[in-house]
There are 2 protein chains.
Amino acid sequence: MSSRDNQDAPRKEHLEQARLRIAPYVHRTPVFTSSYFDHRLGAKVFFKCENFQKVGAFKIRGATNAVFSLEEAEIERGVVAHSSGNHAQALALAARTRGAHAIIVMPRTAPAVKLAAVRDYGAEIRLCEPTLAAREAETAKVMEETGAVLVHPSDDSRIIAGQASAASELFEEEPNLDLLLGPVGGGGLLSGIALAAHFQSSSTQVIAGEPAGADDAYRSLQAGELIPSVQPKSIADGLLSSLSPLTFSILKQHVAEVVPVSEEGIVEAMKTVWERMKILIEPSAAVPVAALLGGKLTVSGKRVGVILSGGNVDLENLPWSQS
Amino acid sequence: MSSRDNQDAPRKEHLEQARLRIAPYVHRTPVFTSSYFDHRLGAKVFFKCENFQKVGAFKIRGATNAVFSLEEAEIERGVVAHSSGNHAQALALAARTRGAHAIIVMPRTAPAVKLAAVRDYGAEIRLCEPTLAAREAETAKVMEETGAVLVHPSDDSRIIAGQASAASELFEEEPNLDLLLGPVGGGGLLSGIALAAHFQSSSTQVIAGEPAGADDAYRSLQAGELIPSVQPKSIADGLLSSLSPLTFSILKQHVAEVVPVSEEGIVEAMKTVWERMKILIEPSAAVPVAALLGGKLTVSGKRVGVILSGGNVDLENLPWSQS
């Protein structure tokens, strides 16, 4: 797949190629179970632990697939993205692994620790004003100046094909899942796991958790048309992006339901996973868990997969210490 | 082994019997690696994750072995211990699993959440004043009234044989470890892993981390005689007990070194494990990690095992949020 046709939904062979392509560079993360969750829900729940993934989140899967899909002539010009989240570190690491130059456009208000992490992976940082317009303008400028290839965090079929591998691995270890839950922001991960289910486990219903304060996927699927979020707000800061035409079209076809969850539900789910499973997950990863615990889904007696998308949190600033 | 001879060091066959006896009732916990720790130390480190064990700590291993070692006549009289920590929950669960009655003597100042956890496992709680004398007096009273069998958290060869299984599993998965680190409080776990190394992996040096504020094992091994702690104090509240003659004699023979660590070192090690490995460990579990990071041990180029002993923490009250 060249970089020109990355606006078509990836096909089955693209998912399979992505999985082989990235396997040497990403972790095969473990699948955890929890007798607490099983008892509470009357279900059998399988947690795919992408919090243990490189850079602490699934994002390295898509970024690695995108970077390693590029042709030599493209890779010599470098890659660029604007992100202050996990995609920034993921793209920086993926580029370094391939020996390519990465430029990450970040808001000048980004926490020092995030800037340092991206720099540690060898990327160049361009600071800009903390608005979407400024970030996009700066990114366009970088592309024009350097010819760098844009690697968008979700609106890109190579990214989607890479993220799909998290679900593929889970299906391989735990076949016959009745449900598979993941979070939705820009929809890259959710598109990936929905396509993985479609190709590999078609009896599995894919369901998303989404913050009620950033519920464009919920409203878009209800309305049947793309309705981007206006001033989205949630503690799940990895899920503030809106769907793109590409991810919306995939979700419309392959996602059974989007469940909006409250901020309280997210914090409660996050804390419950920490306390009961002894693992760190970030607020965005707690969103599908909140959907599971919220009581709106019928899960009793079912085999349920959950993608725990990441584990990057600021330990000095935990949500339950702030009230 | 009957309950009368539990003051002899367990032999090889006792460790093997314990492992078979408890296998149906405890988790075989995973072994984690961390490229962060490997890079930082120039070593290959294998973390045995007892924080994922039932009741959130290795304690269920020893308690299960003790309870399932008892004869029918003994088990009918029930079991008793005084503990406000992980041993309390472990003994309560082990007794419930065998269908036995457990009485746990706990200080009336114990946090409500700990009392509730023990009660949830079906044990009877006897409250007493928060002094060691009061706890021992109340325990003696329970034994006299009910004939219940005392299951001490560390000074008991059945407990030691049970705890040893954590190290046995690790040796099985990762042979040829140069070093194996664990924490030391009363010395039940450390005695167990030291004996497991002796019988199963005799080229492995066993090293303990110990809080400098509760360093009776360090001082006792230096002096060659048992010197109990007076008013021990540490955030690692699972390690405040002193060695017994039994555990001291085992450590003297089979432990290469005890490394005292500071409170700051413990908190830093705990936070580093959380941030880098995305898993929750309790302060006591961070103590051998602090020994590893403290720079006093030569670990470069070595294969190092670490027993992460438990993951029970109060998320509302984390050490790095208190300054």
# chains A, B, ... in the order shown; residues from 1 in each chain; ligands from 1
>>> interface_residues(of="chain A", to="chain B", cutoff="9 Å", atoms="only C-alpha atoms", output="ChimeraX atom specification")
/A:51-52,56,271,274-281,311-317,320-321
>>> residues_around(residues="region 219-224 of chain A", least_positions_apart="5", cutoff="12 Å", atoms="only C-alpha atoms", output="PyMOL selection string")
chain A and resi 208+210-214+229-230+242-245+247-260
>>> write_last_selection(atoms="N, CA and C atoms", output="PDB file, in the first residue's frame")
ATOM      1  N   ALA A 208     -18.202  -0.154  21.493  1.00  0.00           N
ATOM      2  CA  ALA A 208     -17.265   0.866  21.965  1.00  0.00           C
ATOM      3  C   ALA A 208     -17.774   1.519  23.228  1.00  0.00           C
ATOM      4  N   GLU A 210     -17.397   5.242  25.010  1.00  0.00           N
ATOM      5  CA  GLU A 210     -17.011   6.598  24.599  1.00  0.00           C
ATOM      6  C   GLU A 210     -17.364   7.578  25.720  1.00  0.00           C
ATOM      7  N   PRO A 211     -16.472   8.516  26.039  1.00  0.00           N
ATOM      8  CA  PRO A 211     -16.818   9.496  27.075  1.00  0.00           C
ATOM      9  C   PRO A 211     -18.056  10.300  26.653  1.00  0.00           C
ATOM     10  N   ALA A 212     -19.009  10.459  27.549  1.00  0.00           N
ATOM     11  CA  ALA A 212     -20.220  11.224  27.224  1.00  0.00           C
ATOM     12  C   ALA A 212     -19.870  12.667  26.857  1.00  0.00           C
ATOM     13  N   GLY A 213     -18.727  13.144  27.390  1.00  0.00           N
ATOM     14  CA  GLY A 213     -18.313  14.508  27.092  1.00  0.00           C
ATOM     15  C   GLY A 213     -17.588  14.656  25.764  1.00  0.00           C
ATOM     16  N   ALA A 214     -17.468  13.554  25.022  1.00  0.00           N
ATOM     17  CA  ALA A 214     -16.784  13.588  23.717  1.00  0.00           C
ATOM     18  C   ALA A 214     -17.431  12.524  22.838  1.00  0.00           C
ATOM     19  N   SER A 229     -17.330  16.368  17.346  1.00  0.00           N
ATOM     20  CA  SER A 229     -17.508  16.967  18.663  1.00  0.00           C
ATOM     21  C   SER A 229     -17.138  18.442  18.624  1.00  0.00           C
ATOM     22  N   VAL A 230     -17.888  19.252  19.367  1.00  0.00           N
ATOM     23  CA  VAL A 230     -17.523  20.650  19.555  1.00  0.00           C
ATOM     24  C   VAL A 230     -17.086  20.808  21.014  1.00  0.00           C
ATOM     25  N   SER A 242     -12.320  13.514  17.014  1.00  0.00           N
ATOM     26  CA  SER A 242     -13.560  13.062  16.377  1.00  0.00           C
ATOM     27  C   SER A 242     -13.245  12.079  15.257  1.00  0.00           C
ATOM     28  N   LEU A 243     -14.273  11.326  14.872  1.00  0.00           N
ATOM     29  CA  LEU A 243     -14.140  10.405  13.749  1.00  0.00           C
ATOM     30  C   LEU A 243     -13.832  11.172  12.464  1.00  0.00           C
ATOM     31  N   SER A 244     -13.229  10.457  11.526  1.00  0.00           N
ATOM     32  CA  SER A 244     -13.024  10.995  10.177  1.00  0.00           C
ATOM     33  C   SER A 244     -13.995  10.266   9.248  1.00  0.00           C
ATOM     34  N   PRO A 245     -14.165  10.737   8.020  1.00  0.00           N
ATOM     35  CA  PRO A 245     -15.029   9.985   7.090  1.00  0.00           C
ATOM     36  C   PRO A 245     -14.614   8.514   6.984  1.00  0.00           C
ATOM     37  N   THR A 247     -12.923   6.498   9.275  1.00  0.00           N
ATOM     38  CA  THR A 247     -13.244   5.678  10.445  1.00  0.00           C
ATOM     39  C   THR A 247     -14.769   5.602  10.649  1.00  0.00           C
ATOM     40  N   PHE A 248     -15.474   6.692  10.355  1.00  0.00           N
ATOM     41  CA  PHE A 248     -16.940   6.651  10.478  1.00  0.00           C
ATOM     42  C   PHE A 248     -17.530   5.580   9.572  1.00  0.00           C
ATOM     43  N   SER A 249     -17.036   5.493   8.346  1.00  0.00           N
ATOM     44  CA  SER A 249     -17.611   4.517   7.411  1.00  0.00           C
ATOM     45  C   SER A 249     -17.346   3.085   7.879  1.00  0.00           C
ATOM     46  N   ILE A 250     -16.205   2.849   8.496  1.00  0.00           N
ATOM     47  CA  ILE A 250     -15.902   1.502   9.002  1.00  0.00           C
ATOM     48  C   ILE A 250     -16.773   1.186  10.224  1.00  0.00           C
ATOM     49  N   LEU A 251     -16.898   2.150  11.117  1.00  0.00           N
ATOM     50  CA  LEU A 251     -17.701   1.935  12.326  1.00  0.00           C
ATOM     51  C   LEU A 251     -19.169   1.686  11.981  1.00  0.00           C
ATOM     52  N   LYS A 252     -19.664   2.447  11.012  1.00  0.00           N
ATOM     53  CA  LYS A 252     -21.061   2.326  10.603  1.00  0.00           C
ATOM     54  C   LYS A 252     -21.359   0.898  10.163  1.00  0.00           C
ATOM     55  N   GLN A 253     -20.408   0.309   9.472  1.00  0.00           N
ATOM     56  CA  GLN A 253     -20.607  -1.061   8.972  1.00  0.00           C
ATOM     57  C   GLN A 253     -20.377  -2.141  10.012  1.00  0.00           C
ATOM     58  N   HIS A 254     -19.391  -1.936  10.894  1.00  0.00           N
ATOM     59  CA  HIS A 254     -18.885  -3.068  11.677  1.00  0.00           C
ATOM     60  C   HIS A 254     -18.970  -2.930  13.191  1.00  0.00           C
ATOM     61  N   VAL A 255     -19.518  -1.831  13.694  1.00  0.00           N
ATOM     62  CA  VAL A 255     -19.623  -1.679  15.149  1.00  0.00           C
ATOM     63  C   VAL A 255     -21.089  -1.757  15.558  1.00  0.00           C
ATOM     64  N   ALA A 256     -21.374  -2.606  16.539  1.00  0.00           N
ATOM     65  CA  ALA A 256     -22.758  -2.861  16.924  1.00  0.00           C
ATOM     66  C   ALA A 256     -23.345  -1.733  17.746  1.00  0.00           C
ATOM     67  N   GLU A 257     -22.518  -1.122  18.596  1.00  0.00           N
ATOM     68  CA  GLU A 257     -23.074  -0.164  19.555  1.00  0.00           C
ATOM     69  C   GLU A 257     -21.972   0.700  20.137  1.00  0.00           C
ATOM     70  N   VAL A 258     -22.308   1.953  20.404  1.00  0.00           N
ATOM     71  CA  VAL A 258     -21.401   2.831  21.149  1.00  0.00           C
ATOM     72  C   VAL A 258     -22.104   3.207  22.454  1.00  0.00           C
ATOM     73  N   VAL A 259     -21.420   3.000  23.571  1.00  0.00           N
ATOM     74  CA  VAL A 259     -22.002   3.257  24.889  1.00  0.00           C
ATOM     75  C   VAL A 259     -21.330   4.484  25.510  1.00  0.00           C
ATOM     76  N   PRO A 260     -22.072   5.589  25.666  1.00  0.00           N
ATOM     77  CA  PRO A 260     -21.469   6.759  26.330  1.00  0.00           C
ATOM     78  C   PRO A 260     -21.351   6.509  27.831  1.00  0.00           C
TER      79      PRO A 260
END
>>> residues_around(residues="Glu74 (chain A)", least_positions_apart="5", cutoff="12 Å", atoms="only C-alpha atoms", output="PyMOL selection string")
chain A and resi 2-4+66-69+79-80+100-101+143+146-151
>>> write_last_selection(atoms="all heavy atoms", output="compact mmCIF listing (two decimals), in the first residue's frame")
# COMPACT_ATOMS: atom_id res chain seq x y z
N SER A 2 0.77 2.11 -0.96
CA SER A 2 1.59 3.32 -0.94
C SER A 2 0.88 4.35 -0.08
O SER A 2 -0.23 4.16 0.38
CB SER A 2 1.80 3.87 -2.35
OG SER A 2 0.85 4.87 -2.64
N SER A 3 1.52 5.48 0.14
CA SER A 3 0.95 6.47 1.04
C SER A 3 -0.20 7.23 0.40
O SER A 3 -0.86 8.02 1.04
CB SER A 3 2.05 7.43 1.50
OG SER A 3 2.61 8.07 0.37
N ARG A 4 -0.43 6.99 -0.88
CA ARG A 4 -1.49 7.75 -1.55
C ARG A 4 -2.88 7.20 -1.31
O ARG A 4 -3.85 7.94 -1.29
CB ARG A 4 -1.20 7.83 -3.05
CG ARG A 4 -0.12 8.83 -3.41
CD ARG A 4 0.13 8.86 -4.90
NE ARG A 4 0.51 7.54 -5.42
CZ ARG A 4 1.74 7.05 -5.33
NH1 ARG A 4 2.69 7.74 -4.75
NH2 ARG A 4 2.01 5.86 -5.81
N ALA A 66 2.64 1.99 9.74
CA ALA A 66 2.70 3.12 8.79
C ALA A 66 4.13 3.38 8.36
O ALA A 66 4.44 3.48 7.16
CB ALA A 66 2.08 4.37 9.43
N VAL A 67 5.02 3.49 9.32
CA VAL A 67 6.42 3.83 9.01
C VAL A 67 7.08 2.74 8.17
O VAL A 67 7.80 3.03 7.20
CB VAL A 67 7.21 4.10 10.31
CG1 VAL A 67 8.71 4.16 10.02
CG2 VAL A 67 6.74 5.40 10.96
N PHE A 68 6.82 1.48 8.52
CA PHE A 68 7.46 0.39 7.79
C PHE A 68 6.75 0.07 6.47
O PHE A 68 7.21 -0.77 5.71
CB PHE A 68 7.61 -0.85 8.67
CG PHE A 68 8.77 -0.75 9.62
CD1 PHE A 68 8.69 0.04 10.77
CD2 PHE A 68 9.96 -1.41 9.36
CE1 PHE A 68 9.77 0.15 11.64
CE2 PHE A 68 11.04 -1.32 10.23
CZ PHE A 68 10.95 -0.53 11.36
N SER A 69 5.61 0.74 6.20
CA SER A 69 4.94 0.59 4.90
C SER A 69 5.51 1.55 3.86
O SER A 69 5.28 1.39 2.66
CB SER A 69 3.44 0.91 5.02
OG SER A 69 2.79 0.01 5.88
N VAL A 79 9.02 11.58 8.58
CA VAL A 79 7.59 11.52 8.88
C VAL A 79 7.24 12.65 9.84
O VAL A 79 8.09 13.16 10.57
CB VAL A 79 7.18 10.17 9.51
CG1 VAL A 79 7.31 9.04 8.48
CG2 VAL A 79 8.01 9.84 10.75
N VAL A 80 5.98 13.02 9.83
CA VAL A 80 5.53 14.12 10.69
C VAL A 80 4.13 13.83 11.22
O VAL A 80 3.34 13.15 10.54
CB VAL A 80 5.56 15.48 9.93
CG1 VAL A 80 4.61 15.43 8.72
CG2 VAL A 80 5.20 16.65 10.84
N ALA A 100 14.58 6.53 10.52
CA ALA A 100 14.01 7.67 9.80
C ALA A 100 13.90 8.88 10.74
O ALA A 100 13.86 8.74 11.96
CB ALA A 100 12.63 7.32 9.26
N HIS A 101 13.83 10.05 10.14
CA HIS A 101 13.68 11.27 10.92
C HIS A 101 12.20 11.52 11.18
O HIS A 101 11.37 11.41 10.28
CB HIS A 101 14.29 12.44 10.13
CG HIS A 101 14.33 13.72 10.91
ND1 HIS A 101 15.06 13.85 12.08
CD2 HIS A 101 13.74 14.92 10.70
CE1 HIS A 101 14.92 15.08 12.55
NE2 HIS A 101 14.12 15.75 11.73
N MET A 143 5.56 19.78 6.32
CA MET A 143 5.45 18.94 5.12
C MET A 143 5.98 19.66 3.89
O MET A 143 6.67 19.08 3.05
CB MET A 143 3.99 18.52 4.91
CG MET A 143 3.49 17.54 5.97
SD MET A 143 1.69 17.28 5.91
CE MET A 143 1.54 16.35 4.39
N THR A 146 9.95 20.12 4.25
CA THR A 146 10.82 18.94 4.30
C THR A 146 10.35 17.80 3.40
O THR A 146 11.11 16.84 3.18
CB THR A 146 10.88 18.38 5.73
OG1 THR A 146 9.56 17.91 6.07
CG2 THR A 146 11.32 19.43 6.72
N GLY A 147 9.12 17.87 2.94
CA GLY A 147 8.57 16.74 2.20
C GLY A 147 8.22 15.56 3.08
O GLY A 147 7.94 14.46 2.59
N ALA A 148 8.23 15.77 4.41
CA ALA A 148 7.93 14.67 5.34
C ALA A 148 6.53 14.12 5.09
O ALA A 148 5.61 14.85 4.71
CB ALA A 148 8.05 15.16 6.78
N VAL A 149 6.37 12.83 5.31
CA VAL A 149 5.09 12.16 5.10
C VAL A 149 4.25 12.27 6.38
O VAL A 149 4.72 11.92 7.46
CB VAL A 149 5.31 10.66 4.77
CG1 VAL A 149 3.97 9.95 4.58
CG2 VAL A 149 6.19 10.53 3.53
N LEU A 150 3.03 12.73 6.22
CA LEU A 150 2.13 12.83 7.37
C LEU A 150 1.67 11.45 7.82
O LEU A 150 1.22 10.64 7.00
CB LEU A 150 0.90 13.67 6.98
CG LEU A 150 -0.17 13.82 8.07
CD1 LEU A 150 0.34 14.69 9.22
CD2 LEU A 150 -1.45 14.42 7.48
N VAL A 151 1.79 11.18 9.11
CA VAL A 151 1.22 9.94 9.67
C VAL A 151 0.18 10.35 10.70
O VAL A 151 0.49 10.65 11.86
CB VAL A 151 2.31 9.05 10.30
CG1 VAL A 151 1.67 7.77 10.85
CG2 VAL A 151 3.38 8.68 9.27
>>> select_by_dssp(residues="region 33-77 of chain B", states="alpha helix (DSSP H)", output="list in words")
Ser35, Tyr36, Phe37, Asp38, His39, Arg40, Leu41, Lys59, Ile60, Arg61, Gly62, Ala63, Thr64, Asn65, Ala66, Val67, Phe68, Ser69, Glu72, Ala73, Glu74 and Ile75 of chain B
>>> residues_around(residues="Leu181 (chain A)", least_positions_apart="3", cutoff="9 Å", atoms="only C-alpha atoms", output="NGL selection string")
:A and (190 or 193 or 205-209 or 288-289 or 291-292 or 304-307)
>>> write_last_selection(atoms="N, CA and C atoms", output="short mmCIF file (atom, residue, chain, number, x, y, z; two decimals), in the first residue's frame")
data_model
loop_
_atom_site.label_atom_id
_atom_site.label_comp_id
_atom_site.auth_asym_id
_atom_site.auth_seq_id
_atom_site.Cartn_x
_atom_site.Cartn_y
_atom_site.Cartn_z
N LEU A 190 -10.63 1.49 17.13
CA LEU A 190 -11.94 0.83 17.03
C LEU A 190 -12.17 0.31 15.61
N ILE A 193 -10.08 -2.94 15.31
CA ILE A 193 -10.58 -4.14 15.97
C ILE A 193 -11.91 -4.58 15.35
N GLN A 205 -19.52 -9.45 18.42
CA GLN A 205 -20.05 -8.08 18.31
C GLN A 205 -19.03 -7.09 18.86
N VAL A 206 -18.72 -6.07 18.09
CA VAL A 206 -17.78 -5.06 18.57
C VAL A 206 -18.55 -3.87 19.13
N ILE A 207 -18.20 -3.49 20.35
CA ILE A 207 -18.90 -2.43 21.07
C ILE A 207 -17.87 -1.43 21.59
N ALA A 208 -18.20 -0.15 21.49
CA ALA A 208 -17.27 0.87 21.97
C ALA A 208 -17.77 1.52 23.23
N GLY A 209 -16.84 1.89 24.10
CA GLY A 209 -17.12 2.84 25.16
C GLY A 209 -16.64 4.20 24.70
N PRO A 288 -13.94 1.59 28.02
CA PRO A 288 -14.73 0.37 27.75
C PRO A 288 -15.04 -0.43 29.01
N VAL A 289 -14.18 -0.36 30.01
CA VAL A 289 -14.47 -1.04 31.28
C VAL A 289 -15.68 -0.38 31.93
N ALA A 291 -18.06 1.07 30.37
CA ALA A 291 -19.24 0.62 29.60
C ALA A 291 -19.69 -0.75 30.09
N LEU A 292 -18.71 -1.60 30.39
CA LEU A 292 -18.99 -2.96 30.85
C LEU A 292 -19.65 -2.95 32.23
N VAL A 304 -16.31 -12.17 26.90
CA VAL A 304 -16.15 -10.75 26.56
C VAL A 304 -14.66 -10.38 26.50
N GLY A 305 -14.25 -9.83 25.40
CA GLY A 305 -12.90 -9.29 25.30
C GLY A 305 -12.91 -7.79 25.53
N VAL A 306 -11.86 -7.28 26.16
CA VAL A 306 -11.72 -5.84 26.37
C VAL A 306 -10.29 -5.44 26.00
N ILE A 307 -10.17 -4.45 25.14
CA ILE A 307 -8.84 -3.92 24.84
C ILE A 307 -8.51 -2.84 25.86
#
>>> closest_residue(among="B:Pro107, B:Pro319, B:Pro283, B:Pro175", to="Glu136 (chain B)", atoms="only C-alpha atoms")
B:Pro107
>>> residues_around(residues="region 22-28 of chain A", least_positions_apart="3", cutoff="7 Å", atoms="only C-alpha atoms", output="MDAnalysis selection string")
chainID A and resid 18:19 53:54 61 64:65
>>> write_last_selection(atoms="all heavy atoms", output="PDB file, in the first residue's frame")
ATOM      1  N   ALA A  18       0.105  -6.279   7.888  1.00  0.00           N
ATOM      2  CA  ALA A  18       0.496  -5.384   8.987  1.00  0.00           C
ATOM      3  C   ALA A  18       0.999  -6.192  10.171  1.00  0.00           C
ATOM      4  O   ALA A  18       2.018  -5.869  10.786  1.00  0.00           O
ATOM      5  CB  ALA A  18      -0.693  -4.525   9.413  1.00  0.00           C
ATOM      6  N   ARG A  19       0.285  -7.265  10.451  1.00  0.00           N
ATOM      7  CA  ARG A  19       0.659  -8.058  11.616  1.00  0.00           C
ATOM      8  C   ARG A  19       2.059  -8.651  11.463  1.00  0.00           C
ATOM      9  O   ARG A  19       2.872  -8.615  12.391  1.00  0.00           O
ATOM     10  CB  ARG A  19      -0.367  -9.171  11.814  1.00  0.00           C
ATOM     11  CG  ARG A  19      -0.326  -9.625  13.218  1.00  0.00           C
ATOM     12  CD  ARG A  19      -1.447 -10.512  13.605  1.00  0.00           C
ATOM     13  NE  ARG A  19      -0.909 -11.323  14.676  1.00  0.00           N
ATOM     14  CZ  ARG A  19      -1.418 -12.437  15.088  1.00  0.00           C
ATOM     15  NH1 ARG A  19      -2.520 -12.909  14.531  1.00  0.00           N
ATOM     16  NH2 ARG A  19      -0.867 -13.099  16.064  1.00  0.00           N
ATOM     17  N   GLN A  53       2.280  -2.616  26.394  1.00  0.00           N
ATOM     18  CA  GLN A  53       2.889  -2.478  25.064  1.00  0.00           C
ATOM     19  C   GLN A  53       4.042  -1.471  25.107  1.00  0.00           C
ATOM     20  O   GLN A  53       4.140  -0.679  26.044  1.00  0.00           O
ATOM     21  CB  GLN A  53       1.797  -1.992  24.079  1.00  0.00           C
ATOM     22  CG  GLN A  53       2.175  -1.960  22.621  1.00  0.00           C
ATOM     23  CD  GLN A  53       2.774  -3.251  22.100  1.00  0.00           C
ATOM     24  OE1 GLN A  53       3.983  -3.413  22.089  1.00  0.00           O
ATOM     25  NE2 GLN A  53       1.912  -4.180  21.688  1.00  0.00           N
ATOM     26  N   LYS A  54       4.920  -1.499  24.125  1.00  0.00           N
ATOM     27  CA  LYS A  54       5.962  -0.476  24.010  1.00  0.00           C
ATOM     28  C   LYS A  54       5.334   0.911  23.960  1.00  0.00           C
ATOM     29  O   LYS A  54       4.251   1.067  23.397  1.00  0.00           O
ATOM     30  CB  LYS A  54       6.794  -0.705  22.740  1.00  0.00           C
ATOM     31  CG  LYS A  54       7.722  -1.891  22.870  1.00  0.00           C
ATOM     32  CD  LYS A  54       8.724  -1.957  21.741  1.00  0.00           C
ATOM     33  CE  LYS A  54       9.532  -3.237  21.874  1.00  0.00           C
ATOM     34  NZ  LYS A  54      10.489  -3.407  20.766  1.00  0.00           N
ATOM     35  N   ARG A  61       1.613   0.044  17.459  1.00  0.00           N
ATOM     36  CA  ARG A  61       1.250  -0.908  16.403  1.00  0.00           C
ATOM     37  C   ARG A  61       0.985  -0.175  15.080  1.00  0.00           C
ATOM     38  O   ARG A  61       1.586  -0.478  14.049  1.00  0.00           O
ATOM     39  CB  ARG A  61      -0.001  -1.707  16.808  1.00  0.00           C
ATOM     40  CG  ARG A  61       0.210  -2.622  18.010  1.00  0.00           C
ATOM     41  CD  ARG A  61      -1.107  -3.315  18.393  1.00  0.00           C
ATOM     42  NE  ARG A  61      -0.972  -4.178  19.569  1.00  0.00           N
ATOM     43  CZ  ARG A  61      -0.640  -5.460  19.537  1.00  0.00           C
ATOM     44  NH1 ARG A  61      -0.443  -6.071  18.379  1.00  0.00           N
ATOM     45  NH2 ARG A  61      -0.541  -6.163  20.642  1.00  0.00           N
ATOM     46  N   THR A  64       4.076   1.845  13.771  1.00  0.00           N
ATOM     47  CA  THR A  64       5.103   0.978  13.192  1.00  0.00           C
ATOM     48  C   THR A  64       4.668   0.492  11.812  1.00  0.00           C
ATOM     49  O   THR A  64       5.464   0.473  10.861  1.00  0.00           O
ATOM     50  CB  THR A  64       5.379  -0.221  14.125  1.00  0.00           C
ATOM     51  OG1 THR A  64       5.810   0.283  15.391  1.00  0.00           O
ATOM     52  CG2 THR A  64       6.459  -1.132  13.555  1.00  0.00           C
ATOM     53  N   ASN A  65       3.398   0.122  11.692  1.00  0.00           N
ATOM     54  CA  ASN A  65       2.933  -0.330  10.374  1.00  0.00           C
ATOM     55  C   ASN A  65       3.020   0.782   9.337  1.00  0.00           C
ATOM     56  O   ASN A  65       3.452   0.556   8.202  1.00  0.00           O
ATOM     57  CB  ASN A  65       1.501  -0.852  10.456  1.00  0.00           C
ATOM     58  CG  ASN A  65       1.089  -1.524   9.165  1.00  0.00           C
ATOM     59  OD1 ASN A  65       1.810  -2.377   8.648  1.00  0.00           O
ATOM     60  ND2 ASN A  65      -0.052  -1.114   8.617  1.00  0.00           N
TER      61      ASN A  65
END
>>> residues_around(residues="Lys59 (chain B)", least_positions_apart="5", cutoff="9 Å", atoms="only C-alpha atoms", output="CSV table (one decimal) with N, CA, C and O atoms, in the first residue's frame")
chain,number,residue,atom,x,y,z
B,53,GLN,N,-1.0,-12.5,42.6
B,53,GLN,CA,-1.4,-13.7,43.3
B,53,GLN,C,-2.8,-13.5,44.0
B,53,GLN,O,-3.2,-12.4,44.2
B,54,LYS,N,-3.4,-14.6,44.3
B,54,LYS,CA,-4.7,-14.5,45.1
B,54,LYS,C,-4.4,-13.8,46.4
B,54,LYS,O,-3.4,-13.9,47.0
B,64,THR,N,-1.9,-21.6,52.6
B,64,THR,CA,-2.6,-22.8,52.0
B,64,THR,C,-1.9,-24.1,52.4
B,64,THR,O,-2.5,-25.1,52.7
B,86,ASN,N,-1.4,-9.0,55.0
B,86,ASN,CA,-1.8,-10.0,54.0
B,86,ASN,C,-2.0,-11.4,54.5
B,86,ASN,O,-2.8,-12.2,54.0
B,87,HIS,N,-1.3,-11.8,55.6
B,87,HIS,CA,-1.5,-13.1,56.2
B,87,HIS,C,-2.9,-13.3,56.7
B,87,HIS,O,-3.4,-14.4,56.6
B,88,ALA,N,-3.5,-12.3,57.2
B,88,ALA,CA,-4.9,-12.4,57.7
B,88,ALA,C,-5.8,-12.9,56.6
B,88,ALA,O,-6.6,-13.8,56.8
B,89,GLN,N,-5.7,-12.2,55.5
B,89,GLN,CA,-6.6,-12.5,54.4
B,89,GLN,C,-6.2,-13.9,53.8
B,89,GLN,O,-7.1,-14.7,53.4
B,90,ALA,N,-5.0,-14.2,53.8
B,90,ALA,CA,-4.5,-15.4,53.2
B,90,ALA,C,-5.0,-16.6,54.0
B,90,ALA,O,-5.5,-17.6,53.5
B,91,LEU,N,-4.9,-16.5,55.3
B,91,LEU,CA,-5.3,-17.6,56.2
B,91,LEU,C,-6.8,-17.7,56.1
B,91,LEU,O,-7.3,-18.9,56.1
B,153,PRO,N,2.6,-16.3,60.7
B,153,PRO,CA,2.9,-15.9,59.3
B,153,PRO,C,4.2,-16.2,58.8
B,153,PRO,O,4.4,-16.2,57.6
B,159,ILE,N,4.7,-22.9,56.5
B,159,ILE,CA,4.6,-21.6,55.9
B,159,ILE,C,5.8,-21.4,54.9
B,159,ILE,O,5.7,-21.0,53.8
B,162,GLY,N,5.7,-23.4,51.9
B,162,GLY,CA,4.7,-22.9,50.9
B,162,GLY,C,5.2,-21.7,50.1
B,162,GLY,O,5.1,-21.6,48.9
B,163,GLN,N,5.9,-20.8,50.9
B,163,GLN,CA,6.4,-19.5,50.2
B,163,GLN,C,7.5,-19.9,49.2
B,163,GLN,O,7.7,-19.2,48.2
B,189,LEU,N,9.1,-15.7,53.8
B,189,LEU,CA,9.4,-15.8,52.3
B,189,LEU,C,10.9,-15.9,52.0
B,189,LEU,O,11.2,-16.8,51.2
B,309,SER,N,6.6,-9.2,46.0
B,309,SER,CA,5.8,-10.0,46.9
B,309,SER,C,4.3,-9.7,47.0
B,309,SER,O,3.6,-10.5,47.4
B,310,GLY,N,3.9,-8.4,46.7
B,310,GLY,CA,2.5,-8.2,46.8
B,310,GLY,C,2.1,-6.8,46.2
B,310,GLY,O,3.0,-6.0,45.8
>>> closest_residue(among="B:Lys296, B:Arg158, B:Lys44, B:Arg108", to="Ala9 (chain B)", atoms="only C-alpha atoms")
B:Arg158
>>> closest_residue(among="B:Ala112, B:Leu93, B:Leu132, B:Ile103", to="Arg77 (chain B)", atoms="only C-alpha atoms")
B:Ile103
>>> residues_around(residues="Glu263 (chain B)", least_positions_apart="3", cutoff="7 Å", atoms="only C-alpha atoms", output="ChimeraX atom specification")
/B:234-235,266-267
